[in-house]
Every structure is written in C-alpha cells, then in structure tokens.
$ cat coords_2.txt   # compact mmCIF, C-alpha atoms (C1' of nucleotides) and all ligand atoms
# COMPACT_ATOMS: atom_id res chain seq x y z
CA MET F 1 0.00 0.00 0.00
CA ASN F 2 2.59 2.52 1.03
CA LYS F 3 6.02 1.81 -0.29
CA ARG F 4 7.82 4.20 2.02
CA ILE F 5 6.15 2.83 5.12
CA ALA F 6 7.15 -0.63 3.93
CA ASP F 7 10.73 0.60 3.48
CA LEU F 8 10.73 1.99 6.99
CA ASN F 9 9.34 -1.24 8.45
CA ARG F 10 11.97 -3.26 6.65
CA TYR F 11 14.67 -0.96 8.03
CA LEU F 12 13.30 -1.32 11.55
CA ALA F 13 13.13 -5.10 11.29
CA ASP F 14 16.69 -5.27 9.99
CA LYS F 15 17.92 -3.26 12.96
CA GLY F 16 15.93 -5.20 15.51
CA LEU F 17 13.76 -2.15 16.18
CA LYS F 18 10.03 -2.17 16.62
CA ILE F 19 7.12 -1.06 14.54
CA THR F 20 4.93 1.13 16.68
CA ARG F 21 1.72 3.09 16.31
CA GLN F 22 3.60 6.34 16.93
CA ARG F 23 6.31 5.69 14.38
CA GLU F 24 3.80 4.85 11.74
CA ALA F 25 1.74 7.92 12.53
CA VAL F 26 4.73 10.27 12.31
CA ALA F 27 6.09 8.60 9.18
CA GLN F 28 2.72 8.56 7.45
CA VAL F 29 2.07 12.25 8.02
CA PHE F 30 5.64 13.07 7.01
CA PHE F 31 5.38 11.07 3.78
CA ASP F 32 2.09 12.81 2.99
CA THR F 33 3.82 16.18 3.29
CA ASP F 34 5.47 17.91 0.37
CA GLY F 35 8.27 20.44 0.75
CA HIS F 36 10.16 21.27 3.92
CA ILE F 37 8.78 20.82 7.42
CA SER F 38 10.30 21.31 10.85
CA ALA F 39 9.98 18.83 13.72
CA GLU F 40 7.67 21.24 15.55
CA GLU F 41 5.44 21.70 12.53
CA LEU F 42 5.29 17.99 11.94
CA TYR F 43 4.43 17.51 15.60
CA VAL F 44 1.45 19.85 15.25
CA LYS F 45 0.33 18.15 12.07
CA VAL F 46 0.64 14.66 13.54
CA SER F 47 -1.19 15.73 16.67
CA ARG F 48 -4.28 16.52 14.63
CA SER F 49 -4.72 12.98 13.31
CA TYR F 50 -2.97 11.12 16.11
CA PRO F 51 -3.17 13.08 19.38
CA GLY F 52 -0.87 12.01 22.15
CA VAL F 53 2.27 11.50 20.11
CA GLY F 54 5.07 13.38 21.87
CA LEU F 55 7.41 15.90 20.30
CA THR F 56 10.31 13.80 21.48
CA THR F 57 9.03 10.90 19.43
CA VAL F 58 8.70 13.10 16.38
CA TYR F 59 12.39 14.05 16.72
CA ARG F 60 13.35 10.44 17.24
CA THR F 61 11.36 9.22 14.28
CA LEU F 62 12.80 11.87 11.98
CA LYS F 63 16.26 10.75 13.02
CA LEU F 64 15.32 7.17 12.16
CA LEU F 65 13.98 8.24 8.78
CA LYS F 66 17.27 9.95 8.07
CA GLU F 67 19.21 6.85 9.03
CA ALA F 68 16.95 4.79 6.79
CA GLY F 69 17.64 7.16 3.90
CA LEU F 70 14.00 8.21 3.74
CA ALA F 71 14.36 11.77 4.99
CA LYS F 72 16.93 14.50 4.58
CA GLU F 73 17.53 17.31 7.01
CA ARG F 74 18.26 20.79 5.68
CA ARG F 75 19.50 23.76 7.61
CA PHE F 76 19.05 26.95 5.66
CA ALA F 77 20.84 30.11 6.74
CA GLU F 78 19.07 32.25 9.33
CA ASP F 79 16.64 29.45 10.17
CA SER F 80 17.39 28.26 13.66
CA GLN F 81 15.30 25.13 13.17
CA GLY F 82 16.23 22.30 10.87
CA VAL F 83 13.69 21.27 8.26
CA PHE F 84 13.11 17.86 6.75
CA GLU F 85 11.99 16.60 3.40
CA LYS F 86 11.52 13.24 1.77
CA GLU F 87 14.78 11.74 0.54
CA ASP F 88 15.12 10.05 -2.76
CA THR F 89 18.63 9.85 -4.11
CA ALA F 90 17.25 9.72 -7.62
CA ARG F 91 15.57 13.03 -6.99
CA HIS F 92 18.48 14.91 -5.44
CA HIS F 93 18.21 18.67 -5.70
CA ASP F 94 19.61 21.91 -4.36
CA HIS F 95 17.95 25.18 -3.36
CA LEU F 96 17.51 28.77 -4.39
CA ILE F 97 16.35 30.91 -1.48
CA CYS F 98 14.95 34.44 -1.54
CA ILE F 99 16.51 36.42 1.26
CA ARG F 100 13.55 38.76 1.42
CA CYS F 101 10.38 36.65 1.23
CA GLY F 102 11.82 33.23 1.97
CA LYS F 103 10.60 31.68 -1.25
CA ILE F 104 12.42 28.45 -2.04
CA VAL F 105 12.95 26.99 -5.51
CA GLU F 106 14.44 23.55 -5.98
CA PHE F 107 16.75 22.84 -8.87
CA LYS F 108 19.10 20.27 -10.25
CA GLU F 109 22.17 21.05 -12.34
CA PRO F 110 24.12 17.93 -13.32
CA LEU F 111 26.87 19.99 -14.90
CA ILE F 112 27.62 21.67 -11.57
CA GLU F 113 27.67 18.32 -9.83
CA LYS F 114 30.09 17.00 -12.39
CA LEU F 115 32.37 19.99 -11.81
CA GLN F 116 32.13 19.45 -8.06
CA ASP F 117 33.40 15.93 -8.51
CA GLU F 118 36.24 17.19 -10.63
CA VAL F 119 37.27 19.82 -8.11
CA ALA F 120 37.18 17.26 -5.34
CA GLN F 121 39.21 14.77 -7.33
CA ARG F 122 41.79 17.45 -8.01
CA HIS F 123 42.28 17.70 -4.24
CA GLY F 124 42.26 13.95 -3.68
CA PHE F 125 38.76 13.89 -2.25
CA SER F 126 35.83 11.67 -3.10
CA VAL F 127 32.47 13.40 -2.71
CA GLU F 128 29.86 11.62 -0.59
CA ASP F 129 27.43 14.49 -0.24
CA HIS F 130 27.24 18.18 -0.83
CA LYS F 131 25.36 21.24 0.19
CA MET F 132 24.66 24.03 -2.26
CA GLU F 133 22.33 26.90 -1.54
CA LEU F 134 22.01 30.06 -3.59
CA TYR F 135 20.75 33.11 -1.69
CA GLY F 136 19.34 36.07 -3.55
CA LEU F 137 16.20 37.91 -4.56
CA CYS F 138 13.31 36.39 -6.43
CA SER F 139 11.78 38.32 -9.30
CA SER F 140 8.90 39.72 -7.23
CA CYS F 141 11.20 40.94 -4.48
CA ARG F 142 13.68 42.43 -6.93
CA THR F 143 11.14 44.61 -8.72
CA ALA F 144 9.37 45.65 -5.51
CA MET P 1 49.39 50.35 9.91
CA ASN P 2 46.58 47.86 9.98
CA LYS P 3 44.20 48.32 7.13
CA ARG P 4 41.50 46.07 8.53
CA ILE P 5 41.47 47.81 11.91
CA ALA P 6 41.17 51.08 10.04
CA ASP P 7 38.25 49.66 8.06
CA LEU P 8 36.55 48.61 11.27
CA ASN P 9 37.08 52.01 12.87
CA ARG P 10 35.65 53.75 9.84
CA TYR P 11 32.61 51.47 9.98
CA LEU P 12 32.12 52.21 13.67
CA ALA P 13 32.42 55.97 13.14
CA ASP P 14 29.92 55.84 10.29
CA LYS P 15 27.41 54.06 12.48
CA GLY P 16 27.92 56.33 15.49
CA LEU P 17 29.48 53.45 17.41
CA LYS P 18 32.54 53.68 19.58
CA ILE P 19 36.09 52.49 19.27
CA THR P 20 36.94 50.60 22.41
CA ARG P 21 39.92 48.75 23.83
CA GLN P 22 37.94 45.51 23.80
CA ARG P 23 36.81 45.79 20.22
CA GLU P 24 40.30 46.51 19.03
CA ALA P 25 41.70 43.61 21.01
CA VAL P 26 39.19 41.13 19.62
CA ALA P 27 39.52 42.45 16.08
CA GLN P 28 43.31 42.46 16.19
CA VAL P 29 43.58 38.89 17.38
CA PHE P 30 40.95 37.81 14.85
CA PHE P 31 42.76 39.52 11.98
CA ASP P 32 46.00 37.85 13.04
CA THR P 33 44.31 34.45 12.82
CA ASP P 34 44.26 32.38 9.66
CA GLY P 35 41.63 29.79 8.91
CA HIS P 36 38.44 29.16 10.82
CA ILE P 37 37.95 30.00 14.47
CA SER P 38 34.96 29.78 16.80
CA ALA P 39 33.88 32.52 19.20
CA GLU P 40 35.00 30.40 22.16
CA GLU P 41 38.40 29.74 20.63
CA LEU P 42 38.85 33.40 19.81
CA TYR P 43 37.86 34.28 23.36
CA VAL P 44 40.60 32.04 24.75
CA LYS P 45 43.14 33.49 22.33
CA VAL P 46 42.17 37.07 23.11
CA SER P 47 42.29 36.40 26.82
CA ARG P 48 45.96 35.56 26.61
CA SER P 49 46.98 38.97 25.30
CA TYR P 50 44.11 41.00 26.72
CA PRO P 51 42.70 39.38 29.85
CA GLY P 52 39.35 40.62 31.04
CA VAL P 53 37.59 40.76 27.72
CA GLY P 54 34.29 38.90 28.09
CA LEU P 55 32.98 36.17 25.86
CA THR P 56 29.87 38.23 25.28
CA THR P 57 31.99 40.98 23.80
CA VAL P 58 33.73 38.51 21.52
CA TYR P 59 30.35 37.42 20.18
CA ARG P 60 29.27 41.02 19.80
CA THR P 61 32.45 42.06 18.04
CA LEU P 62 32.27 39.16 15.61
CA LYS P 63 28.75 40.21 14.74
CA LEU P 64 30.02 43.73 14.08
CA LEU P 65 32.81 42.41 11.89
CA LYS P 66 30.27 40.49 9.86
CA GLU P 67 28.13 43.58 9.44
CA ALA P 68 31.21 45.53 8.39
CA GLY P 69 31.98 42.87 5.78
CA LEU P 70 35.24 41.96 7.49
CA ALA P 71 34.29 38.52 8.77
CA LYS P 72 32.23 35.66 7.44
CA GLU P 73 30.51 33.08 9.54
CA ARG P 74 30.48 29.46 8.39
CA ARG P 75 28.43 26.65 9.78
CA PHE P 76 29.76 23.32 8.63
CA ALA P 77 27.66 20.19 9.08
CA GLU P 78 28.20 18.33 12.35
CA ASP P 79 29.85 21.38 13.97
CA SER P 80 27.49 22.74 16.55
CA GLN P 81 29.42 25.99 16.81
CA GLY P 82 29.75 28.55 14.07
CA VAL P 83 33.24 29.42 12.90
CA PHE P 84 34.52 32.68 11.54
CA GLU P 85 37.12 33.66 9.00
CA LYS P 86 38.32 36.89 7.48
CA GLU P 87 36.08 38.12 4.69
CA ASP P 88 37.43 39.47 1.47
CA THR P 89 35.01 39.34 -1.43
CA ALA P 90 37.94 39.26 -3.84
CA ARG P 91 39.07 36.10 -2.16
CA HIS P 92 35.78 34.24 -2.00
CA HIS P 93 36.09 30.49 -1.71
CA ASP P 94 34.16 27.35 -0.90
CA HIS P 95 35.06 24.25 1.11
CA LEU P 96 35.85 20.58 0.78
CA ILE P 97 35.42 18.78 4.09
CA CYS P 98 36.60 15.31 5.07
CA ILE P 99 33.81 13.60 6.96
CA ARG P 100 36.27 11.34 8.75
CA CYS P 101 39.21 13.50 9.89
CA GLY P 102 37.68 16.95 9.51
CA LYS P 103 40.33 18.21 7.13
CA ILE P 104 39.18 21.29 5.26
CA VAL P 105 40.42 22.38 1.84
CA GLU P 106 39.43 25.71 0.36
CA PHE P 107 38.81 26.04 -3.34
CA LYS P 108 37.48 28.39 -5.94
CA GLU P 109 35.80 27.31 -9.15
CA PRO P 110 34.65 30.27 -11.29
CA LEU P 111 32.96 27.97 -13.76
CA ILE P 112 30.66 26.62 -11.06
CA GLU P 113 29.84 30.12 -9.92
CA LYS P 114 29.01 31.10 -13.45
CA LEU P 115 26.65 28.15 -13.74
CA GLN P 116 25.06 29.06 -10.41
CA ASP P 117 24.26 32.50 -11.76
CA GLU P 118 22.77 30.97 -14.87
CA VAL P 119 20.59 28.58 -12.91
CA ALA P 120 19.38 31.42 -10.71
CA GLN P 121 18.64 33.63 -13.67
CA ARG P 122 16.64 30.85 -15.25
CA HIS P 123 14.39 30.98 -12.17
CA GLY P 124 14.24 34.76 -12.04
CA PHE P 125 16.62 35.05 -9.11
CA SER P 126 19.66 37.24 -8.66
CA VAL P 127 22.37 35.62 -6.52
CA GLU P 128 23.66 37.68 -3.60
CA ASP P 129 25.55 34.94 -1.85
CA HIS P 130 25.87 31.21 -1.87
CA LYS P 131 26.96 28.31 0.21
CA MET P 132 28.68 25.31 -1.30
CA GLU P 133 30.29 22.59 0.74
CA LEU P 134 31.50 19.24 -0.56
CA TYR P 135 31.61 16.45 2.02
CA GLY P 136 33.69 13.37 1.37
CA LEU P 137 36.86 11.52 2.19
CA CYS P 138 40.33 12.93 1.81
CA SER P 139 43.02 10.75 0.24
CA SER P 140 44.51 9.67 3.58
CA CYS P 141 41.14 8.66 4.98
CA ARG P 142 40.11 6.87 1.81
CA THR P 143 43.14 4.61 1.68
CA ALA P 144 43.11 3.92 5.42
C1' DT S 1 -0.61 -18.36 23.71
C1' DG S 2 2.04 -15.87 27.10
C1' DA S 3 6.21 -14.65 29.73
C1' DG S 4 10.01 -12.04 29.47
C1' DA S 5 13.57 -9.40 27.47
C1' DA S 6 14.40 -5.63 24.81
C1' DC S 7 12.83 -1.69 22.95
C1' DA S 8 9.81 2.62 22.82
C1' DT S 9 7.37 6.35 24.83
C1' DG S 10 6.63 10.91 26.77
C1' DA S 11 7.10 14.15 30.54
C1' DT S 12 10.70 16.45 32.32
C1' DA S 13 15.31 17.87 32.88
C1' DA S 14 19.64 18.84 30.82
C1' DT S 15 22.64 20.81 27.09
C1' DC S 16 24.79 24.20 24.68
C1' DA S 17 25.60 27.97 21.64
C1' DA S 18 24.05 32.33 21.37
C1' DT S 19 21.44 36.36 22.92
C1' DT S 20 19.33 39.43 26.35
C1' DT S 21 19.31 42.02 30.56
C1' DC S 22 20.97 45.42 33.46
C1' DA S 23 23.76 48.07 36.50
C1' DA S 24 28.18 49.97 36.22
C1' DT S 25 31.70 51.98 33.13
C1' DT S 26 33.53 54.42 29.16
C1' DA S 27 33.91 57.03 24.75
C1' DC S 28 33.51 61.22 22.61
C1' DC S 29 31.05 65.60 21.07
C1' DG S 30 31.16 69.76 22.30
C1' DC X 1 35.58 68.74 31.87
C1' DG X 2 30.27 67.11 31.59
C1' DG X 3 26.64 64.91 29.77
C1' DT X 4 24.72 61.57 26.95
C1' DA X 5 24.63 57.64 24.47
C1' DA X 6 27.09 53.51 23.73
C1' DT X 7 29.62 49.59 25.84
C1' DT X 8 30.86 46.15 28.97
C1' DG X 9 30.68 41.69 31.48
C1' DA X 10 28.32 38.73 34.68
C1' DA X 11 24.41 36.44 35.03
C1' DA X 12 20.05 35.08 33.40
C1' DT X 13 17.46 33.59 29.38
C1' DT X 14 16.39 31.57 25.10
C1' DG X 15 15.38 27.93 21.83
C1' DA X 16 16.31 23.80 19.51
C1' DT X 17 17.64 19.40 20.39
C1' DT X 18 19.00 15.46 23.23
C1' DA X 19 19.29 12.68 27.60
C1' DT X 20 16.99 10.52 31.54
C1' DC X 21 14.00 7.45 33.53
C1' DA X 22 9.90 5.29 35.05
C1' DT X 23 6.24 3.16 32.65
C1' DG X 24 4.18 0.90 28.64
C1' DT X 25 4.58 -2.00 24.25
C1' DT X 26 6.28 -5.09 20.91
C1' DC X 27 7.81 -9.38 19.45
C1' DT X 28 10.38 -13.63 20.03
C1' DC X 29 10.36 -18.27 21.26
C1' DA X 30 9.31 -21.86 24.05
MN MN Z 1 14.08 20.59 -1.08
MN MN Z 2 37.44 29.19 4.50
ZN ZN Z 3 11.34 36.94 -2.68
ZN ZN Z 4 40.27 12.82 6.09

$ encode --input "coords_2.txt" --output "structure tokens"
Amino acid sequence: MNKRIADLNRYLADKGLKITRQREAVAQVFFDTDGHISAEELYVKVSRSYPGVGLTTVYRTLKLLKEAGLAKERRFAEDSQGVFEKEDTARHHDHLICIRCGKIVEFKEPLIEKLQDEVAQRHGFSVEDHKMELYGLCSSCRTA
Amino acid sequence: MNKRIADLNRYLADKGLKITRQREAVAQVFFDTDGHISAEELYVKVSRSYPGVGLTTVYRTLKLLKEAGLAKERRFAEDSQGVFEKEDTARHHDHLICIRCGKIVEFKEPLIEKLQDEVAQRHGFSVEDHKMELYGLCSSCRTA
DNA sequence: TGAGAACATGATAATCAATTTCAATTACCG
DNA sequence: CGGTAATTGAAATTGATTATCATGTTCTCA
C-alpha cells in the first residue's frame, strides 16, 4: 500500500527495532507532506490525526527516517530550526532561497555536480554528499 | 598600519558606534588568525593577550565584523558551533570537508559560480551569496 | 498463547551555543 | 571637563535538540 512505510518497516526489522503506532503515525504524516517541514510543525500536524504523540518521538522518528535514507535534514541560513523533506537519491536537488520573502525553488544542475566531482578529485577527495544553496532575490522581491 | 582595523574604525564611526579597547583587542587577534575559528576559541586566544575581555563581547564584536563585511561566519555540518574567518570578497572560496578527519580544503571554481548564476537567472533570481560545501573523504582517509 | 527481554514512549530535565538584561563603566562631542 | 549615548561583562534567558528514567509495548520463542 505505502512503499515508504514498507521501506521503513523493513529498516526497523533489519535493525531489531520495533514497529509502533507512533512511528507509523509520524512517518505517514511526514510522507504525505510535500516540501520542507520542521519537527515542531510535523508535531502539530501529527497531533491533529494522532493526538498524544510526543514531540520527542517526532524528533526520534525523523532521526530514524534519516538513518533509513527516507528523509533529509536541511538547515538553511538564518533558520534556527532544521527542516526535513523526503529523501530520494534519484531526486536529489539543491535550493535557491529568496533572502527577502523566503521563497524556495528547488533545482538540479548535473553539470555543476560533475564539476564538483572534478574539483574534489583534483584535491584527492571523493564526494559523498554536498550542500549548495544560492541566496538572492526572487523576481517579485527584486522589482518591488 | 593595519588596514582592517582602520576599516573597522571607519565602519564604527559611520554608524555612530565607539572604538573601544575591547573591540580593538578582539579584532586584532581575529585579523592575526588564519583559517576558521569559533567565538569560544577566539575568546581564549584574546584572553591571553588581553585578559578581562568577556565572551559576550567577543560574540558582539564578531557580529560587528560580519556587518562591516570583514568577517564571514560558516556553519559546517556536524559542527554545533559557528566558525569565523576573514572576509574578502575578492578572495571568495568554498570548502571541501573530510567527513572522517575533519580536514578542510578551500577552493574556488569560477565555472561553477558562473553556472550558479545561470541557474538562478533561469528561475528569475539574482544571486547575492551562496553556500557550497562538498563532504567526502580525503586521500589519507580513503586509503586507510 | 504468554512470559520475558528488549525496545519505545513521553514528561521532564539537561545541554549548549548564542542572545538578552541590566547596572556599572567608558567614549567622545562639544 | 560634563553629559549623553554607547559599551561592557556577569548572570540570566532563550530555543532547539538530546538525555533521563519510570512506565508501557512489541515481538520472540518456548
Ligand atoms: Mn528541497
Ligand atoms: Mn574558508
Ligand atoms: Zn522573494
Ligand atoms: Zn580525512
């Protein structure tokens, strides 16, 4: 029924961890969410459908989802809270962020990623992951 | 004598702020430091030459240096503390970080920056700043 | 099926970098 | 110099995240 929930359950089983009501509730609401969401926001959202799930458990479940490769944490400049989004290595992307209105656009630029690998190689590094964020003004904010 | 201290003093005068012993001490030690340093580390270093300067003032002075365009704060993954380095727009660079030993290599790749601008433009954005960090394994850590 | 071991939960406390508060001190413009 | 606004540093506070711990649940295996 839900592939991602199945992936999570498989991960839990492999690690000798348990499938619980709370984990499924948090994961389900998270997987039904598009874009970026903080632990606090997810906690509020989960609480609507499944009251009684603690904020601590939301944090713990998000950490599990990261470990399982199902969620990715982002930490944009100026935001004190981390935000999470669904992870899918095939759908890797980076971010353009408007410093005035906060608008976020996701993009993918394979040519840049290729150059990143080359730069790294030149310095003897292999790249496992990268962070690239472009901060600027969106068209609305620029003309305003 | 010291161009950067002069720059700072000019900035302070412009803003109606005051030139103090403490600010000069913190700034001087910071400007004499190469690489990345945290507020705590800078505080310890300053305390050796100028005892009695508070940690709060170190934080406040670093914030001033950022505002004056003389320092840049970086927040690398896994580091809970921010680190600071001298800012010099002409000498902009990005970072390669070894996820095992923490080694940091600085690099500059104008071609990537050009592509970043193009991507942004394609989405109607103008780029004011960007963050690019490549995380991987350095040659020593890879062969070990 | 059920007992028990291991794991999970959630309220609360702790952490930790960074900021705020505030009374005392200092810079600097006349 | 004198007055005013800015600065300082110690201590308190903040805010996100993690640790603790007593209690509850899951799941294995006999
Ligand atoms: Mn995204
Ligand atoms: Mn650097
Ligand atoms: Zn905008
Ligand atoms: Zn290394």

$ atom_distance --input "coords_2.txt" --atom1 "CA of Lys45 in chain P" --atom2 "CA of Ile99 in chain P"
26.8 Å

$ residues_near_ligand --input "coords_2.txt" --ligand "ligand ZN 3 (chain Z)" --cutoff "10 Å" --atoms "only C-alpha atoms (C1' of nucleotides) and all ligand atoms" --output "list in words"
Ile97, Cys98, Ile99, Arg100, Cys101, Gly102, Lys103, Ile104, Gly136, Leu137, Cys138, Ser139, Ser140, Cys141, Arg142, Thr143 and Ala144 of chain F; Phe125 of chain P

$ write_last_selection --input "coords_2.txt" --atoms "C-alpha atoms" --output "PDB file, in the coordinates of the input"
ATOM      1  CA  ILE F  97      16.350  30.910  -1.480  1.00  0.00           C
ATOM      2  CA  CYS F  98      14.950  34.440  -1.540  1.00  0.00           C
ATOM      3  CA  ILE F  99      16.510  36.420   1.260  1.00  0.00           C
ATOM      4  CA  ARG F 100      13.550  38.760   1.420  1.00  0.00           C
ATOM      5  CA  CYS F 101      10.380  36.650   1.230  1.00  0.00           C
ATOM      6  CA  GLY F 102      11.820  33.230   1.970  1.00  0.00           C
ATOM      7  CA  LYS F 103      10.600  31.680  -1.250  1.00  0.00           C
ATOM      8  CA  ILE F 104      12.420  28.450  -2.040  1.00  0.00           C
ATOM      9  CA  GLY F 136      19.340  36.070  -3.550  1.00  0.00           C
ATOM     10  CA  LEU F 137      16.200  37.910  -4.560  1.00  0.00           C
ATOM     11  CA  CYS F 138      13.310  36.390  -6.430  1.00  0.00           C
ATOM     12  CA  SER F 139      11.780  38.320  -9.300  1.00  0.00           C
ATOM     13  CA  SER F 140       8.900  39.720  -7.230  1.00  0.00           C
ATOM     14  CA  CYS F 141      11.200  40.940  -4.480  1.00  0.00           C
ATOM     15  CA  ARG F 142      13.680  42.430  -6.930  1.00  0.00           C
ATOM     16  CA  THR F 143      11.140  44.610  -8.720  1.00  0.00           C
ATOM     17  CA  ALA F 144       9.370  45.650  -5.510  1.00  0.00           C
TER      18      ALA F 144
ATOM     19  CA  PHE P 125      16.620  35.050  -9.110  1.00  0.00           C
TER      20      PHE P 125
END

$ residues_near_ligand --input "coords_2.txt" --ligand "ligand MN 1 (chain Z)" --cutoff "8 Å" --atoms "only C-alpha atoms (C1' of nucleotides) and all ligand atoms" --output "list in words"
Gly35, His36, Arg74, Glu85, His93, Asp94, His95, Val105 and Glu106 of chain F

$ calpha_fit_and_write --input "coords_2.txt" --fixed "chain P" --moving "chain F" --output "short mmCIF file (atom, residue, chain, number, x, y, z; two decimals) with C-alpha atoms, in the frame of the given file"
data_model
loop_
_atom_site.label_atom_id
_atom_site.label_comp_id
_atom_site.auth_asym_id
_atom_site.auth_seq_id
_atom_site.Cartn_x
_atom_site.Cartn_y
_atom_site.Cartn_z
CA MET F 1 49.45 50.33 10.18
CA ASN F 2 46.65 47.82 10.08
CA LYS F 3 44.30 48.28 7.20
CA ARG F 4 41.58 46.05 8.58
CA ILE F 5 41.55 47.77 11.94
CA ALA F 6 41.30 51.06 10.07
CA ASP F 7 38.37 49.66 8.07
CA LEU F 8 36.65 48.61 11.26
CA ASN F 9 37.20 52.01 12.88
CA ARG F 10 35.80 53.75 9.84
CA TYR F 11 32.74 51.50 9.96
CA LEU F 12 32.24 52.24 13.65
CA ALA F 13 32.56 55.98 13.13
CA ASP F 14 30.08 55.89 10.26
CA LYS F 15 27.54 54.13 12.45
CA GLY F 16 28.07 56.37 15.43
CA LEU F 17 29.60 53.48 17.37
CA LYS F 18 32.65 53.69 19.56
CA ILE F 19 36.18 52.49 19.27
CA THR F 20 37.03 50.60 22.41
CA ARG F 21 39.99 48.73 23.84
CA GLN F 22 38.00 45.49 23.79
CA ARG F 23 36.88 45.79 20.20
CA GLU F 24 40.37 46.47 19.04
CA ALA F 25 41.74 43.57 21.03
CA VAL F 26 39.20 41.10 19.63
CA ALA F 27 39.56 42.41 16.08
CA GLN F 28 43.34 42.42 16.20
CA VAL F 29 43.59 38.82 17.39
CA PHE F 30 40.94 37.78 14.86
CA PHE F 31 42.76 39.47 11.98
CA ASP F 32 46.00 37.79 13.06
CA THR F 33 44.30 34.40 12.82
CA ASP F 34 44.25 32.34 9.66
CA GLY F 35 41.58 29.76 8.89
CA HIS F 36 38.38 29.16 10.82
CA ILE F 37 37.89 29.99 14.48
CA SER F 38 34.90 29.77 16.78
CA ALA F 39 33.82 32.52 19.18
CA GLU F 40 34.91 30.38 22.13
CA GLU F 41 38.32 29.72 20.63
CA LEU F 42 38.79 33.36 19.81
CA TYR F 43 37.77 34.22 23.36
CA VAL F 44 40.52 31.97 24.74
CA LYS F 45 43.06 33.40 22.34
CA VAL F 46 42.12 37.00 23.12
CA SER F 47 42.19 36.30 26.83
CA ARG F 48 45.87 35.44 26.63
CA SER F 49 46.95 38.85 25.34
CA TYR F 50 44.08 40.90 26.74
CA PRO F 51 42.64 39.27 29.88
CA GLY F 52 39.30 40.51 31.07
CA VAL F 53 37.55 40.71 27.72
CA GLY F 54 34.23 38.90 28.09
CA LEU F 55 32.91 36.15 25.84
CA THR F 56 29.83 38.25 25.25
CA THR F 57 31.98 40.99 23.80
CA VAL F 58 33.72 38.52 21.53
CA TYR F 59 30.32 37.47 20.14
CA ARG F 60 29.27 41.08 19.76
CA THR F 61 32.47 42.08 18.03
CA LEU F 62 32.29 39.18 15.60
CA LYS F 63 28.77 40.26 14.71
CA LEU F 64 30.06 43.77 14.06
CA LEU F 65 32.86 42.44 11.88
CA LYS F 66 30.30 40.55 9.84
CA GLU F 67 28.18 43.65 9.42
CA ALA F 68 31.27 45.57 8.36
CA GLY F 69 32.04 42.92 5.76
CA LEU F 70 35.29 41.99 7.48
CA ALA F 71 34.32 38.56 8.76
CA LYS F 72 32.23 35.71 7.43
CA GLU F 73 30.49 33.12 9.54
CA ARG F 74 30.45 29.50 8.38
CA ARG F 75 28.39 26.68 9.75
CA PHE F 76 29.69 23.34 8.60
CA ALA F 77 27.56 20.24 8.99
CA GLU F 78 27.82 18.42 12.31
CA ASP F 79 29.57 21.37 13.94
CA SER F 80 27.24 22.86 16.49
CA GLN F 81 29.35 26.00 16.76
CA GLY F 82 29.69 28.57 14.02
CA VAL F 83 33.19 29.44 12.88
CA PHE F 84 34.47 32.71 11.50
CA GLU F 85 37.10 33.69 9.01
CA LYS F 86 38.34 36.89 7.48
CA GLU F 87 36.11 38.15 4.68
CA ASP F 88 37.44 39.51 1.48
CA THR F 89 35.02 39.45 -1.41
CA ALA F 90 37.94 39.29 -3.81
CA ARG F 91 39.05 36.12 -2.12
CA HIS F 92 35.73 34.29 -1.99
CA HIS F 93 36.04 30.54 -1.70
CA ASP F 94 34.13 27.39 -0.89
CA HIS F 95 35.05 24.29 1.11
CA LEU F 96 35.89 20.64 0.79
CA ILE F 97 35.46 18.83 4.10
CA CYS F 98 36.67 15.36 5.08
CA ILE F 99 33.92 13.60 6.96
CA ARG F 100 36.40 11.40 8.76
CA CYS F 101 39.29 13.60 9.92
CA GLY F 102 37.72 17.02 9.52
CA LYS F 103 40.36 18.30 7.16
CA ILE F 104 39.20 21.37 5.26
CA VAL F 105 40.44 22.47 1.84
CA GLU F 106 39.41 25.80 0.37
CA PHE F 107 38.80 26.14 -3.33
CA LYS F 108 37.45 28.48 -5.93
CA GLU F 109 35.77 27.39 -9.15
CA PRO F 110 34.59 30.33 -11.26
CA LEU F 111 32.92 28.03 -13.76
CA ILE F 112 30.63 26.65 -11.06
CA GLU F 113 29.78 30.14 -9.91
CA LYS F 114 28.93 31.12 -13.44
CA LEU F 115 26.61 28.12 -13.74
CA GLN F 116 25.01 29.02 -10.41
CA ASP F 117 24.16 32.43 -11.77
CA GLU F 118 22.69 30.87 -14.87
CA VAL F 119 20.53 28.45 -12.91
CA ALA F 120 19.30 31.27 -10.71
CA GLN F 121 18.53 33.48 -13.68
CA ARG F 122 16.57 30.65 -15.25
CA HIS F 123 14.31 30.74 -12.18
CA GLY F 124 14.10 34.53 -12.06
CA PHE F 125 16.47 34.85 -9.13
CA SER F 126 19.47 37.09 -8.68
CA VAL F 127 22.20 35.53 -6.54
CA GLU F 128 23.47 37.60 -3.61
CA ASP F 129 25.39 34.87 -1.84
CA HIS F 130 25.79 31.15 -1.89
CA LYS F 131 26.90 28.27 0.21
CA MET F 132 28.66 25.29 -1.30
CA GLU F 133 30.31 22.59 0.75
CA LEU F 134 31.55 19.26 -0.56
CA TYR F 135 31.69 16.46 2.01
CA GLY F 136 33.78 13.39 1.37
CA LEU F 137 36.99 11.58 2.20
CA CYS F 138 40.45 13.02 1.82
CA SER F 139 43.15 10.89 0.26
CA SER F 140 44.64 9.80 3.59
CA CYS F 141 41.28 8.76 4.99
CA ARG F 142 40.28 6.95 1.81
CA THR F 143 43.34 4.71 1.71
CA ALA F 144 43.32 4.04 5.46
#

$ residues_around --input "coords_2.txt" --residues "range 107-116 of chain F" --least-positions-apart "4" --cutoff "9 Å" --atoms "only C-alpha atoms (C1' of nucleotides)" --output "ChimeraX atom specification"
/F:91-96,120-121,127,130 /P:109,111-113,115-116,119,134

$ atom_distance --input "coords_2.txt" --atom1 "CA of Thr33 in chain F" --atom2 "CA of Glu78 in chain F"
23.0 Å

$ interface_residues --input "coords_2.txt" --of "chain X" --to "chain P" --cutoff "12 Å" --atoms "all atoms listed in the file" --output "PyMOL selection string"
chain X and resi 5-11+16-17

$ interface_residues --input "coords_2.txt" --of "chain S" --to "chain P" --cutoff "9 Å" --atoms "only C-alpha atoms (C1' of nucleotides)" --output "list in words"
DC16, DA17, DA18, DT19, DT26, DA27 and DC28 of chain S

$ residues_around --input "coords_2.txt" --residues "DA13 in chain S" --least-positions-apart "5" --cutoff "12 Å" --atoms "only C-alpha atoms (C1' of nucleotides)" --output "mmCIF file with C-alpha atoms (C1' of nucleotides), in the coordinates of the input"
data_model
loop_
_atom_site.group_PDB
_atom_site.id
_atom_site.type_symbol
_atom_site.label_atom_id
_atom_site.label_comp_id
_atom_site.auth_asym_id
_atom_site.auth_seq_id
_atom_site.Cartn_x
_atom_site.Cartn_y
_atom_site.Cartn_z
ATOM 1 C "C1'" DT X 18 19.000 15.460 23.230
ATOM 2 C "C1'" DA X 19 19.290 12.680 27.600
ATOM 3 C "C1'" DT X 20 16.990 10.520 31.540
ATOM 4 C "C1'" DC X 21 14.000 7.450 33.530
#

$ atom_distance --input "coords_2.txt" --atom1 "atom ZN of ligand ZN 4 (chain Z)" --atom2 "CA of Asp34 in chain P"
20.3 Å

$ closest_residue --input "coords_2.txt" --among "F:Tyr135, F:Phe76, F:Phe84, F:Tyr50" --to "chain P" --atoms "only C-alpha atoms"
F:Tyr135

$ closest_residue --input "coords_2.txt" --among "P:Ala13, P:Leu70, P:Leu42, P:Val83" --to "ligand MN 2 (chain Z)" --atoms "all atoms listed in the file"
P:Val83
